[in-house]
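*Asks:* Below is entry-v2.txt; it holds compact mmCIF, C-alpha atoms (C1' of nucleotides).
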# COMPACT_ATOMS: atom_id res chain seq x y z
CA MET A 1 -16.57 -2.18 -19.80
CA SER A 2 -15.52 1.34 -19.02
CA ALA A 3 -12.30 0.20 -17.49
CA ASN A 4 -10.09 2.07 -15.12
CA SER A 5 -7.17 4.24 -16.02
CA ARG A 6 -4.65 2.57 -13.72
CA LEU A 7 -2.59 1.08 -16.52
CA THR A 8 -2.57 4.40 -18.39
CA ILE A 9 -1.50 6.41 -15.36
CA ALA A 10 1.15 3.89 -14.38
CA ALA A 11 2.61 3.97 -17.91
CA HIS A 12 2.50 7.76 -17.79
CA ALA A 13 4.44 7.81 -14.53
CA LEU A 14 7.08 5.38 -15.77
CA ALA A 15 7.57 7.27 -19.01
CA TRP A 16 7.88 10.51 -17.05
CA ILE A 17 10.50 9.11 -14.68
CA GLY A 18 12.38 7.55 -17.58
CA LEU A 19 12.53 10.79 -19.53
CA TYR A 20 13.48 12.77 -16.44
CA GLN A 21 16.35 10.43 -15.74
CA ARG A 22 17.52 10.65 -19.35
CA GLN A 23 17.76 14.37 -18.74
CA GLY A 24 20.24 13.71 -15.97
CA HIS A 25 18.08 13.84 -12.85
CA GLU A 26 18.39 11.26 -10.11
CA VAL A 27 14.86 11.02 -8.77
CA ALA A 28 11.39 12.29 -9.57
CA THR A 29 8.85 13.30 -6.96
CA SER A 30 5.24 12.18 -6.86
CA GLU A 31 4.24 15.83 -7.01
CA GLN A 32 6.02 16.40 -10.32
CA ILE A 33 4.44 13.33 -11.85
CA ALA A 34 1.03 14.25 -10.45
CA THR A 35 1.28 17.66 -12.07
CA SER A 36 2.01 16.09 -15.45
CA ALA A 37 -0.83 13.59 -15.09
CA ASN A 38 -3.14 16.21 -13.62
CA THR A 39 -4.03 14.25 -10.53
CA ASN A 40 -3.19 13.99 -6.84
CA PRO A 41 0.29 13.02 -5.61
CA VAL A 42 -1.19 10.35 -3.36
CA VAL A 43 -2.73 8.63 -6.38
CA ILE A 44 0.73 8.51 -7.95
CA ARG A 45 2.35 7.25 -4.76
CA ARG A 46 -0.23 4.48 -4.48
CA LEU A 47 0.38 3.32 -8.04
CA LEU A 48 4.16 3.60 -7.78
CA GLY A 49 4.01 1.67 -4.52
CA GLU A 50 2.48 -1.24 -6.42
CA LEU A 51 5.14 -0.91 -9.11
CA ARG A 52 7.81 -0.98 -6.43
CA ARG A 53 6.39 -4.21 -5.03
CA ALA A 54 6.74 -5.59 -8.55
CA GLY A 55 10.36 -4.47 -8.70
CA LEU A 56 9.92 -1.86 -11.42
CA VAL A 57 10.78 1.27 -9.44
CA GLU A 58 12.58 2.26 -6.24
CA SER A 59 11.94 5.08 -3.80
CA ARG A 60 14.11 7.12 -1.47
CA ARG A 61 12.93 8.94 1.60
CA GLY A 62 14.12 12.01 3.39
CA VAL A 63 15.24 15.27 1.83
CA GLY A 64 15.85 14.97 -1.90
CA ALA A 65 13.62 11.90 -1.88
CA GLY A 66 11.69 10.58 -4.84
CA TRP A 67 11.33 7.77 -7.32
CA SER A 68 13.70 6.16 -9.78
CA LEU A 69 13.53 3.24 -12.19
CA ALA A 70 14.72 -0.10 -10.86
CA ARG A 71 15.22 -1.45 -14.40
CA GLU A 72 15.73 -0.07 -17.86
CA LEU A 73 12.59 0.98 -19.71
CA GLU A 74 13.66 -1.43 -22.46
CA SER A 75 13.26 -4.40 -20.13
CA MET A 76 9.85 -3.37 -18.79
CA THR A 77 6.70 -4.39 -20.64
CA LEU A 78 3.10 -3.32 -20.32
CA LEU A 79 2.43 -6.82 -19.02
CA ASP A 80 4.70 -6.18 -16.05
CA VAL A 81 2.78 -3.00 -15.34
CA TYR A 82 -0.61 -4.60 -15.96
CA GLU A 83 0.07 -7.44 -13.53
CA ALA A 84 1.36 -4.98 -10.96
CA VAL A 85 -1.65 -2.67 -10.95
CA GLU A 86 -4.62 -4.74 -12.15
CA PRO A 87 -5.89 -7.09 -9.48
CA GLY A 88 -8.66 -9.19 -10.95
CA PRO A 89 -9.48 -11.04 -14.14
CA LEU A 90 -10.62 -9.24 -17.27
CA PHE A 91 -14.14 -10.69 -17.29
CA ALA A 92 -16.16 -11.44 -14.19
CA MET A 93 -18.41 -14.36 -13.43
CA HIS A 94 -21.93 -14.07 -12.00
CA ARG A 95 -22.07 -12.08 -8.78
CA THR A 96 -24.27 -14.75 -7.26
CA THR A 97 -24.04 -18.50 -7.78
CA PRO A 98 -26.23 -19.61 -10.70
CA ASP A 99 -28.90 -22.27 -10.13
CA GLN A 100 -26.87 -25.46 -9.69
CA GLY A 101 -29.97 -27.52 -10.36
CA CYS A 102 -30.11 -26.15 -13.89
CA VAL A 103 -27.86 -27.70 -16.52
CA VAL A 104 -26.80 -24.32 -17.84
CA GLY A 105 -26.45 -22.78 -14.41
CA TYR A 106 -24.26 -25.70 -13.39
CA GLY A 107 -21.97 -25.74 -16.41
CA ILE A 108 -21.75 -22.09 -17.41
CA ARG A 109 -19.04 -21.06 -14.99
CA PRO A 110 -16.44 -23.73 -15.82
CA ALA A 111 -17.23 -23.21 -19.50
CA MET A 112 -16.70 -19.46 -19.42
CA GLN A 113 -13.71 -19.88 -17.14
CA GLY A 114 -11.91 -21.96 -19.73
CA ILE A 115 -12.77 -19.59 -22.53
CA TYR A 116 -11.76 -16.50 -20.59
CA GLU A 117 -8.44 -18.00 -19.56
CA GLY A 118 -7.45 -18.50 -23.17
CA ILE A 119 -8.41 -14.97 -24.08
CA GLU A 120 -6.54 -13.47 -21.15
CA GLU A 121 -3.47 -15.44 -22.10
CA THR A 122 -3.60 -13.87 -25.55
CA LEU A 123 -4.03 -10.45 -23.98
CA ARG A 124 -0.96 -11.02 -21.84
CA HIS A 125 1.08 -11.94 -24.91
CA GLU A 126 0.04 -8.69 -26.57
CA LEU A 127 0.88 -6.61 -23.51
CA ALA A 128 4.26 -8.33 -23.26
CA ARG A 129 5.13 -7.22 -26.78
CA VAL A 130 5.15 -3.54 -25.83
CA THR A 131 8.00 -2.18 -23.71
CA LEU A 132 7.92 1.06 -21.79
CA ALA A 133 10.72 2.24 -24.06
CA ASP A 134 8.26 1.79 -26.94
CA VAL A 135 5.73 3.86 -25.02
CA LEU A 136 8.18 6.69 -24.36
CA ARG A 137 9.29 6.66 -28.00
CA ASP A 138 5.67 6.95 -29.13
CA VAL A 139 5.09 9.72 -26.59
CA LEU A 140 7.99 11.74 -27.97
CA ALA A 141 6.85 11.05 -31.55
CA ALA A 142 3.57 12.90 -31.07
CA PRO A 143 3.32 15.78 -33.58
CA ARG A 144 3.22 19.25 -32.15
CA MET B 1 -9.94 -4.64 -13.25
CA SER B 2 -12.79 -6.42 -11.61
CA ALA B 3 -14.87 -6.13 -14.70
CA ASN B 4 -18.55 -6.51 -15.00
CA SER B 5 -20.43 -9.71 -15.63
CA ARG B 6 -22.47 -8.48 -18.56
CA LEU B 7 -20.75 -10.69 -21.12
CA THR B 8 -21.05 -13.72 -18.84
CA ILE B 9 -24.74 -13.21 -18.14
CA ALA B 10 -25.52 -12.52 -21.80
CA ALA B 11 -23.77 -15.74 -22.82
CA HIS B 12 -25.64 -17.58 -20.09
CA ALA B 13 -28.97 -16.30 -21.38
CA LEU B 14 -28.21 -17.21 -24.99
CA ALA B 15 -27.04 -20.69 -24.05
CA TRP B 16 -30.17 -21.17 -21.98
CA ILE B 17 -32.50 -20.10 -24.79
CA GLY B 18 -30.59 -22.24 -27.27
CA LEU B 19 -30.83 -25.35 -25.14
CA TYR B 20 -34.49 -24.70 -24.37
CA GLN B 21 -35.28 -24.42 -28.05
CA ARG B 22 -33.38 -27.62 -28.79
CA GLN B 23 -35.74 -29.27 -26.35
CA GLY B 24 -38.66 -28.22 -28.53
CA HIS B 25 -39.86 -25.03 -26.84
CA GLU B 26 -40.74 -21.95 -28.83
CA VAL B 27 -39.83 -19.14 -26.47
CA ALA B 28 -38.14 -18.63 -23.11
CA THR B 29 -39.26 -16.09 -20.53
CA SER B 30 -36.98 -13.65 -18.75
CA GLU B 31 -38.14 -15.16 -15.47
CA GLN B 32 -36.95 -18.64 -16.41
CA ILE B 33 -33.56 -17.30 -17.46
CA ALA B 34 -33.32 -15.11 -14.36
CA THR B 35 -33.95 -18.15 -12.17
CA SER B 36 -31.13 -20.03 -13.86
CA ALA B 37 -28.76 -17.07 -13.59
CA ASN B 38 -29.95 -16.29 -10.07
CA THR B 39 -30.76 -12.67 -10.77
CA ASN B 40 -33.71 -10.39 -11.47
CA PRO B 41 -35.84 -10.75 -14.62
CA VAL B 42 -35.42 -7.06 -15.39
CA VAL B 43 -31.67 -7.50 -15.57
CA ILE B 44 -32.19 -10.25 -18.14
CA ARG B 45 -34.68 -8.19 -20.13
CA ARG B 46 -32.25 -5.28 -20.26
CA LEU B 47 -29.43 -7.43 -21.55
CA LEU B 48 -31.62 -9.29 -24.04
CA GLY B 49 -32.95 -5.94 -25.23
CA GLU B 50 -29.41 -5.00 -26.21
CA LEU B 51 -28.94 -8.35 -27.91
CA ARG B 52 -32.17 -7.78 -29.83
CA ARG B 53 -30.89 -4.43 -31.05
CA ALA B 54 -27.85 -6.32 -32.34
CA GLY B 55 -30.09 -8.81 -34.14
CA LEU B 56 -29.20 -11.83 -32.02
CA VAL B 57 -32.59 -12.51 -30.42
CA GLU B 58 -36.24 -11.67 -30.94
CA SER B 59 -39.06 -11.14 -28.48
CA ARG B 60 -42.81 -11.64 -28.53
CA ARG B 61 -45.31 -9.86 -26.35
CA GLY B 62 -48.69 -10.81 -24.98
CA VAL B 63 -49.67 -14.13 -23.44
CA GLY B 64 -47.17 -16.88 -24.24
CA ALA B 65 -44.61 -14.18 -24.80
CA GLY B 66 -40.86 -14.59 -24.44
CA TRP B 67 -37.53 -14.67 -26.20
CA SER B 68 -36.17 -16.72 -29.07
CA LEU B 69 -32.93 -16.80 -31.03
CA ALA B 70 -32.83 -14.73 -34.21
CA ARG B 71 -29.90 -16.75 -35.56
CA GLU B 72 -28.33 -20.13 -35.01
CA LEU B 73 -25.95 -20.41 -32.07
CA GLU B 74 -23.34 -21.61 -34.56
CA SER B 75 -23.38 -18.24 -36.32
CA MET B 76 -23.13 -16.15 -33.15
CA THR B 77 -19.73 -15.33 -31.65
CA LEU B 78 -18.69 -13.88 -28.32
CA LEU B 79 -17.58 -10.85 -30.29
CA ASP B 80 -21.17 -10.23 -31.41
CA VAL B 81 -22.28 -10.43 -27.79
CA TYR B 82 -19.36 -8.34 -26.52
CA GLU B 83 -20.05 -5.52 -28.96
CA ALA B 84 -23.74 -5.64 -28.11
CA VAL B 85 -23.38 -5.36 -24.34
CA GLU B 86 -20.03 -3.65 -23.69
CA PRO B 87 -20.12 0.07 -24.38
CA GLY B 88 -16.64 1.49 -23.93
CA PRO B 89 -13.05 0.62 -24.70
CA LEU B 90 -11.13 -1.94 -22.69
CA PHE B 91 -8.62 0.51 -21.20
CA ALA B 92 -9.47 4.07 -20.24
CA MET B 93 -7.43 7.22 -20.63
CA HIS B 94 -6.85 9.79 -17.88
CA ARG B 95 -10.09 11.09 -16.37
CA THR B 96 -8.74 14.62 -16.62
CA THR B 97 -6.61 16.09 -19.39
CA PRO B 98 -2.90 15.68 -18.63
CA ASP B 99 -0.65 18.78 -18.56
CA GLN B 100 -0.38 19.74 -22.24
CA GLY B 101 2.65 21.86 -21.46
CA CYS B 102 4.57 18.73 -20.45
CA VAL B 103 6.09 16.59 -23.19
CA VAL B 104 4.83 13.39 -21.63
CA GLY B 105 1.44 14.85 -20.75
CA TYR B 106 1.08 15.99 -24.33
CA GLY B 107 2.12 12.78 -26.05
CA ILE B 108 0.90 10.08 -23.68
CA ARG B 109 -2.68 9.91 -24.86
CA PRO B 110 -2.07 9.45 -28.60
CA ALA B 111 0.71 6.98 -27.75
CA MET B 112 -1.48 4.82 -25.51
CA GLN B 113 -4.40 5.20 -27.90
CA GLY B 114 -2.42 3.57 -30.69
CA ILE B 115 -1.16 0.78 -28.46
CA TYR B 116 -4.58 0.05 -27.00
CA GLU B 117 -6.23 -0.08 -30.40
CA GLY B 118 -3.91 -2.83 -31.52
CA ILE B 119 -4.53 -4.82 -28.37
CA GLU B 120 -8.29 -4.47 -28.59
CA GLU B 121 -8.18 -5.64 -32.17
CA THR B 122 -6.44 -8.80 -31.04
CA LEU B 123 -9.01 -9.24 -28.30
CA ARG B 124 -11.79 -8.97 -30.86
CA HIS B 125 -10.17 -11.64 -33.00
CA GLU B 126 -10.07 -13.97 -30.02
CA LEU B 127 -13.69 -13.32 -29.11
CA ALA B 128 -14.72 -13.91 -32.71
CA ARG B 129 -13.17 -17.38 -32.61
CA VAL B 130 -15.66 -18.63 -30.02
CA THR B 131 -19.26 -19.28 -31.08
CA LEU B 132 -22.19 -19.57 -28.71
CA ALA B 133 -22.52 -23.16 -29.91
CA ASP B 134 -19.02 -23.71 -28.52
CA VAL B 135 -20.15 -22.19 -25.24
CA LEU B 136 -23.22 -24.43 -25.00
CA ARG B 137 -21.15 -27.50 -25.86
CA ASP B 138 -18.68 -26.63 -23.09
CA VAL B 139 -21.56 -26.00 -20.70
CA LEU B 140 -23.00 -29.46 -21.36
CA ALA B 141 -19.53 -31.02 -21.10
CA ALA B 142 -19.15 -30.01 -17.44
CA PRO B 143 -18.67 -33.13 -15.31
CA ARG B 144 -21.33 -33.86 -12.73
C1' DG C 1 16.36 20.66 15.08
C1' DC C 2 14.51 21.68 10.41
C1' DA C 3 12.65 20.84 5.88
C1' DG C 4 11.09 17.99 2.16
C1' DT C 5 9.19 13.75 0.67
C1' DC C 6 7.45 9.21 1.18
C1' DG C 7 4.05 5.75 3.62
C1' DC C 8 -0.24 5.03 4.82
C1' DA C 9 -4.67 5.34 6.94
C1' DA C 10 -9.17 7.43 6.83
C1' DC C 11 -12.85 9.36 4.58
C1' DG C 12 -15.50 11.64 0.94
C1' DT C 13 -16.72 11.80 -4.12
C1' DT C 14 -17.84 9.90 -8.40
C1' DA C 15 -19.38 6.58 -11.74
C1' DA C 16 -20.95 2.12 -13.36
C1' DT C 17 -23.26 -1.98 -12.58
C1' DT C 18 -26.66 -4.49 -10.48
C1' DG C 19 -31.01 -5.16 -8.00
C1' DT C 20 -35.83 -3.85 -7.18
C1' DT C 21 -40.39 -1.93 -7.71
C1' DA C 22 -43.91 -0.19 -10.44
C1' DC C 23 -46.83 0.26 -14.21
C1' DG C 24 -48.27 0.70 -18.96
C1' DA C 25 -48.42 -1.95 -23.55
C1' DC C 26 -49.43 -5.86 -25.91
C1' DA C 27 -51.63 -10.26 -27.45
C1' DG C 28 -53.80 -14.32 -26.88
C1' DT C 29 -57.83 -16.66 -24.19
C1' DT C 30 -62.22 -16.97 -22.24
C1' DA D 1 -64.95 -7.01 -23.42
C1' DA D 2 -62.47 -8.50 -19.49
C1' DC D 3 -58.62 -11.33 -17.98
C1' DT D 4 -53.98 -13.05 -17.82
C1' DG D 5 -49.10 -13.36 -18.58
C1' DT D 6 -45.09 -11.24 -20.30
C1' DC D 7 -42.44 -7.66 -22.31
C1' DG D 8 -40.77 -2.52 -22.23
C1' DT D 9 -39.16 0.90 -19.66
C1' DA D 10 -38.66 4.34 -16.20
C1' DA D 11 -37.28 5.40 -11.59
C1' DC D 12 -34.69 4.69 -7.71
C1' DA D 13 -31.93 2.14 -4.21
C1' DA D 14 -27.88 -0.78 -3.25
C1' DT D 15 -23.38 -2.16 -4.13
C1' DT D 16 -18.79 -1.83 -5.65
C1' DA D 17 -14.47 -0.01 -7.44
C1' DA D 18 -11.77 3.72 -8.62
C1' DC D 19 -10.44 8.24 -7.71
C1' DG D 20 -9.59 12.33 -4.93
C1' DT D 21 -8.34 14.67 -0.60
C1' DT D 22 -6.62 15.52 4.01
C1' DG D 23 -3.78 14.49 7.73
C1' DC D 24 0.11 12.93 10.06
C1' DG D 25 3.97 10.00 11.30
C1' DA D 26 8.59 8.26 9.43
C1' DC D 27 12.66 9.02 7.36
C1' DT D 28 16.98 11.44 5.79
C1' DG D 29 20.13 14.98 4.54
C1' DC D 30 21.42 19.64 5.93
Just dump the structure as structure tokens.

*Replies:*
Amino acid sequence: MSANSRLTIAAHALAWIGLYQRQGHEVATSEQIATSANTNPVVIRRLLGELRRAGLVESRRGVGAGWSLARELESMTLLDVYEAVEPGPLFAMHRTTPDQGCVVGYGIRPAMQGIYEGIEETLRHELARVTLADVLRDVLAAPR
Amino acid sequence: MSANSRLTIAAHALAWIGLYQRQGHEVATSEQIATSANTNPVVIRRLLGELRRAGLVESRRGVGAGWSLARELESMTLLDVYEAVEPGPLFAMHRTTPDQGCVVGYGIRPAMQGIYEGIEETLRHELARVTLADVLRDVLAAPR
DNA sequence: GCAGTCGCAACGTTAATTGTTACGACAGTT
DNA sequence: AACTGTCGTAACAATTAACGTTGCGACTGC
């Protein structure tokens, strides 16, 4: 599958903001987060923009601008983040329509659709079991 | 995520071969399967080659050549197919190493690694619950 | 007015999958 | 022995999504 790192980077950004706020700061800038994640500030702003649309973070503009959490890390799950930053379904169908004159070509898509939906539902349950507070705790628990 | 359709096409091919064999035929050609899936025979041969390496299908060469199942559809699960055709993990880490001097940058990868492993294990359990015989039954159950 | 940061568009870069062509290898048939 | 049909595989183009980068206007506090 070789998936994308959007979920990882988004979790990284949220954990970073959360820790920064615990240290008493009001807002974090996209440049600070980008430095930690070793990427470009625009990449962070794009991802955080999607998280803002989902109601997970807020942003200020002007001097002293930056990002802050809109909710507690304890009330945010990886499912919230996943749904905010991952557009499509986990598994894709055929790129072109299969032969509708063939029994298999006709029935394969509804069949796989039903199967995939059940699997994605299970995936969502798993993602919902992990909060961003869990993530930050695990981050800080890494041995040095 | 907009994943790839490798798992879908591989399941399509296996269901097609299984049904064809139920109808009394010995082997199926990549061209027949490609016509049903509306793609190129080489794409099918590549995927079936990976399934052969996993012991799910066999191939003959020469005149009257083609593909046949190496096991019953009942004993094949989507997990077998998934592991045969999907190379990498479901979720990716950062493309570049995060800032190891930052607490979050240092701990984020082992933290997410542990979380992702648990989720992928659940995904595997779900995939293992569905046999290719289930898939073919669902395919044939599609209303016309 | 100035400075710092977001918001966003535009474009280039990279990587994976998919599609296509080509051709040799193989095994039956004639 | 030549012929035919199909696999096996390499090579390359086409497509797509994610990622990276630059640029610049908008906003806000000083």

*Asks:* With distances taken over all atoms listed in the file, which residue among D:DT15, D:DT28, D:DT9, D:DT21 lies nearest chain A?

*Replies:*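 Using all atoms listed in the file, the shortest distance to chain A belongs to D:DT28.
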
*Asks:* When the cut-off is 8 Å and we count only C-alpha atoms (C1' of nucleotides), which residues of chain D are near chain B, given as a count of residues only?

*Replies:* 5

*Asks:* Which is closer to chain B than all the others in A:Gly24, A:Gly107, A:Gly55, A:Gly101, using only C-alpha atoms?

*Replies:*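 When distances to chain B are compared using only C-alpha atoms, the smallest one comes from A:Gly107.
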
*Asks:* At a cut-off of 12 Å, using only C-alpha atoms (C1' of nucleotides), what residues contact C:DT18? Leave out same-chain residues fewer than 6 positions from it and give the result as an MDAnalysis selection string.

*Replies:* (chainID A and resid 94:96) or (chainID B and resid 4:6 9 39:44 46:47) or (chainID D and resid 13:16)

*Asks:* Please put the answer as lines of an AutoDock Vina configuration file: centre and edge lengths, in Å with one decimal, of a box along x, y and z that encloses all listed atoms of stretch 11-29 of chain D plus 8 Å on each side.

*Replies:*
center_x = -8.6
center_y = 6.7
center_z = -0.1
size_x = 73.4
size_y = 33.7
size_z = 38.9

*Asks:* From the list B:Met76, B:Leu123, B:Ile115, B:Glu86, which residue is nearest chain C when using all atoms listed in the file?

*Replies:*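 The answer is B:Glu86, which sits nearest to chain C.
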
*Asks:* Can you work out the spacing between atom CA of B:Leu132 and atom CA of B:His12 in Å, to one decimal?

*Replies:*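 Interatomic distance here is 9.5 Å.
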
*Asks:* Limit the output to N, CA, C and O atoms (P, O5', C5', C4', C3', O3' and C1' of nucleotides) and give stretch 4-25 of chain C as a short mmCIF file (atom, residue, chain, number, x, y, z; two decimals), in the first residue's frame.

*Replies:*
data_model
loop_
_atom_site.label_atom_id
_atom_site.label_comp_id
_atom_site.auth_asym_id
_atom_site.auth_seq_id
_atom_site.Cartn_x
_atom_site.Cartn_y
_atom_site.Cartn_z
P DG C 4 9.96 40.62 12.30
"O5'" DG C 4 8.82 39.54 12.57
"C5'" DG C 4 8.13 39.56 13.81
"C4'" DG C 4 6.86 38.73 13.70
"C3'" DG C 4 7.07 37.35 13.07
"O3'" DG C 4 6.36 36.38 13.81
"C1'" DG C 4 5.41 38.51 11.90
P DT C 5 6.74 34.82 13.71
"O5'" DT C 5 5.45 34.20 13.05
"C5'" DT C 5 4.21 34.28 13.74
"C4'" DT C 5 3.07 34.15 12.75
"C3'" DT C 5 3.13 32.91 11.85
"O3'" DT C 5 2.17 31.96 12.27
"C1'" DT C 5 2.38 34.87 10.71
P DC C 6 1.91 30.58 11.40
"O5'" DC C 6 0.51 30.89 10.71
"C5'" DC C 6 -0.59 31.32 11.50
"C4'" DC C 6 -1.65 31.94 10.62
"C3'" DC C 6 -2.32 30.95 9.66
"O3'" DC C 6 -3.73 31.19 9.63
"C1'" DC C 6 -1.41 32.76 8.45
P DG C 7 -4.73 30.23 8.81
"O5'" DG C 7 -4.68 30.82 7.33
"C5'" DG C 7 -5.40 32.01 7.05
"C4'" DG C 7 -5.70 32.10 5.56
"C3'" DG C 7 -6.05 30.77 4.91
"O3'" DG C 7 -7.12 30.98 4.00
"C1'" DG C 7 -4.12 31.69 3.86
P DC C 8 -7.81 29.78 3.20
"O5'" DC C 8 -7.03 29.83 1.82
"C5'" DC C 8 -6.81 31.09 1.19
"C4'" DC C 8 -5.88 30.94 0.00
"C3'" DC C 8 -5.99 29.60 -0.74
"O3'" DC C 8 -6.17 29.85 -2.10
"C1'" DC C 8 -3.74 30.18 -0.37
P DA C 9 -6.89 28.79 -3.06
"O5'" DA C 9 -6.32 29.24 -4.47
"C5'" DA C 9 -5.96 30.60 -4.67
"C4'" DA C 9 -4.65 30.70 -5.42
"C3'" DA C 9 -4.47 29.65 -6.52
"O3'" DA C 9 -4.06 30.30 -7.71
"C1'" DA C 9 -2.57 29.67 -5.12
P DA C 10 -4.22 29.57 -9.13
"O5'" DA C 10 -2.70 29.32 -9.56
"C5'" DA C 10 -1.73 30.34 -9.37
"C4'" DA C 10 -0.35 29.74 -9.48
"C3'" DA C 10 -0.23 28.60 -10.50
"O3'" DA C 10 0.75 28.92 -11.46
"C1'" DA C 10 0.76 28.01 -8.40
P DC C 11 0.89 28.02 -12.78
"O5'" DC C 11 2.19 27.18 -12.45
"C5'" DC C 11 3.32 27.84 -11.89
"C4'" DC C 11 4.25 26.83 -11.27
"C3'" DC C 11 4.45 25.55 -12.12
"O3'" DC C 11 5.81 25.47 -12.51
"C1'" DC C 11 4.16 25.06 -9.80
P DG C 12 6.31 24.31 -13.48
"O5'" DG C 12 7.33 23.57 -12.52
"C5'" DG C 12 8.22 24.34 -11.71
"C4'" DG C 12 8.88 23.44 -10.68
"C3'" DG C 12 9.44 22.14 -11.25
"O3'" DG C 12 10.71 21.87 -10.66
"C1'" DG C 12 7.89 21.66 -9.52
P DT C 13 11.53 20.54 -11.09
"O5'" DT C 13 11.24 19.51 -9.92
"C5'" DT C 13 11.41 19.92 -8.57
"C4'" DT C 13 11.24 18.73 -7.63
"C3'" DT C 13 11.80 17.40 -8.16
"O3'" DT C 13 12.58 16.82 -7.13
"C1'" DT C 13 9.52 17.14 -7.53
P DT C 14 13.42 15.47 -7.38
"O5'" DT C 14 12.47 14.35 -6.77
"C5'" DT C 14 11.95 14.51 -5.45
"C4'" DT C 14 10.93 13.44 -5.17
"C3'" DT C 14 11.31 12.03 -5.63
"O3'" DT C 14 11.42 11.20 -4.49
"C1'" DT C 14 9.05 12.54 -6.17
P DA C 15 11.94 9.68 -4.61
"O5'" DA C 15 10.58 8.85 -4.62
"C5'" DA C 15 9.61 9.12 -3.62
"C4'" DA C 15 8.37 8.28 -3.89
"C3'" DA C 15 8.66 6.87 -4.40
"O3'" DA C 15 7.85 5.95 -3.69
"C1'" DA C 15 7.18 7.97 -5.87
P DA C 16 8.13 4.38 -3.79
"O5'" DA C 16 6.71 3.84 -4.26
"C5'" DA C 16 5.54 4.33 -3.61
"C4'" DA C 16 4.33 4.04 -4.48
"C3'" DA C 16 4.35 2.63 -5.09
"O3'" DA C 16 3.20 1.92 -4.69
"C1'" DA C 16 3.89 4.31 -6.75
P DT C 17 2.91 0.41 -5.18
"O5'" DT C 17 1.82 0.63 -6.31
"C5'" DT C 17 0.80 1.60 -6.08
"C4'" DT C 17 0.04 1.87 -7.35
"C3'" DT C 17 -0.35 0.62 -8.15
"O3'" DT C 17 -1.75 0.63 -8.33
"C1'" DT C 17 0.62 2.28 -9.56
P DT C 18 -2.51 -0.61 -9.01
"O5'" DT C 18 -2.58 -0.18 -10.55
"C5'" DT C 18 -3.15 1.08 -10.88
"C4'" DT C 18 -2.89 1.40 -12.33
"C3'" DT C 18 -3.21 0.26 -13.32
"O3'" DT C 18 -4.21 0.73 -14.21
"C1'" DT C 18 -1.13 1.28 -13.83
P DG C 19 -4.79 -0.21 -15.35
"O5'" DG C 19 -3.88 0.19 -16.60
"C5'" DG C 19 -3.95 1.52 -17.11
"C4'" DG C 19 -3.06 1.66 -18.33
"C3'" DG C 19 -3.27 0.59 -19.41
"O3'" DG C 19 -3.42 1.24 -20.67
"C1'" DG C 19 -0.97 0.75 -18.84
P DT C 20 -3.78 0.39 -21.95
"O5'" DT C 20 -2.38 0.13 -22.65
"C5'" DT C 20 -1.54 1.25 -22.93
"C4'" DT C 20 -0.22 0.81 -23.52
"C3'" DT C 20 -0.31 -0.34 -24.55
"O3'" DT C 20 0.03 0.19 -25.82
"C1'" DT C 20 1.53 -0.62 -23.04
P DT C 21 -0.05 -0.76 -27.11
"O5'" DT C 21 1.48 -1.19 -27.31
"C5'" DT C 21 2.49 -0.21 -27.17
"C4'" DT C 21 3.87 -0.86 -27.22
"C3'" DT C 21 4.01 -1.98 -28.27
"O3'" DT C 21 5.11 -1.69 -29.10
"C1'" DT C 21 4.81 -2.69 -26.14
P DA C 22 5.44 -2.62 -30.35
"O5'" DA C 22 6.57 -3.57 -29.75
"C5'" DA C 22 7.58 -2.99 -28.92
"C4'" DA C 22 8.49 -4.08 -28.39
"C3'" DA C 22 8.67 -5.27 -29.35
"O3'" DA C 22 10.06 -5.49 -29.56
"C1'" DA C 22 8.10 -6.01 -27.16
P DC C 23 10.51 -6.44 -30.75
"O5'" DC C 23 11.01 -7.74 -29.99
"C5'" DC C 23 11.83 -7.58 -28.83
"C4'" DC C 23 11.86 -8.85 -28.04
"C3'" DC C 23 11.87 -10.13 -28.89
"O3'" DC C 23 12.83 -11.02 -28.37
"C1'" DC C 23 10.24 -10.29 -27.24
P DG C 24 13.65 -12.00 -29.32
"O5'" DG C 24 14.16 -13.12 -28.30
"C5'" DG C 24 14.73 -12.71 -27.05
"C4'" DG C 24 14.23 -13.61 -25.94
"C3'" DG C 24 14.35 -15.11 -26.22
"O3'" DG C 24 14.89 -15.76 -25.08
"C1'" DG C 24 12.14 -14.59 -25.57
P DA C 25 15.16 -17.34 -25.09
"O5'" DA C 25 13.91 -17.93 -24.28
"C5'" DA C 25 13.72 -17.53 -22.93
"C4'" DA C 25 12.70 -18.44 -22.27
"C3'" DA C 25 12.87 -19.92 -22.58
"O3'" DA C 25 12.54 -20.68 -21.41
"C1'" DA C 25 10.74 -19.19 -23.34
#
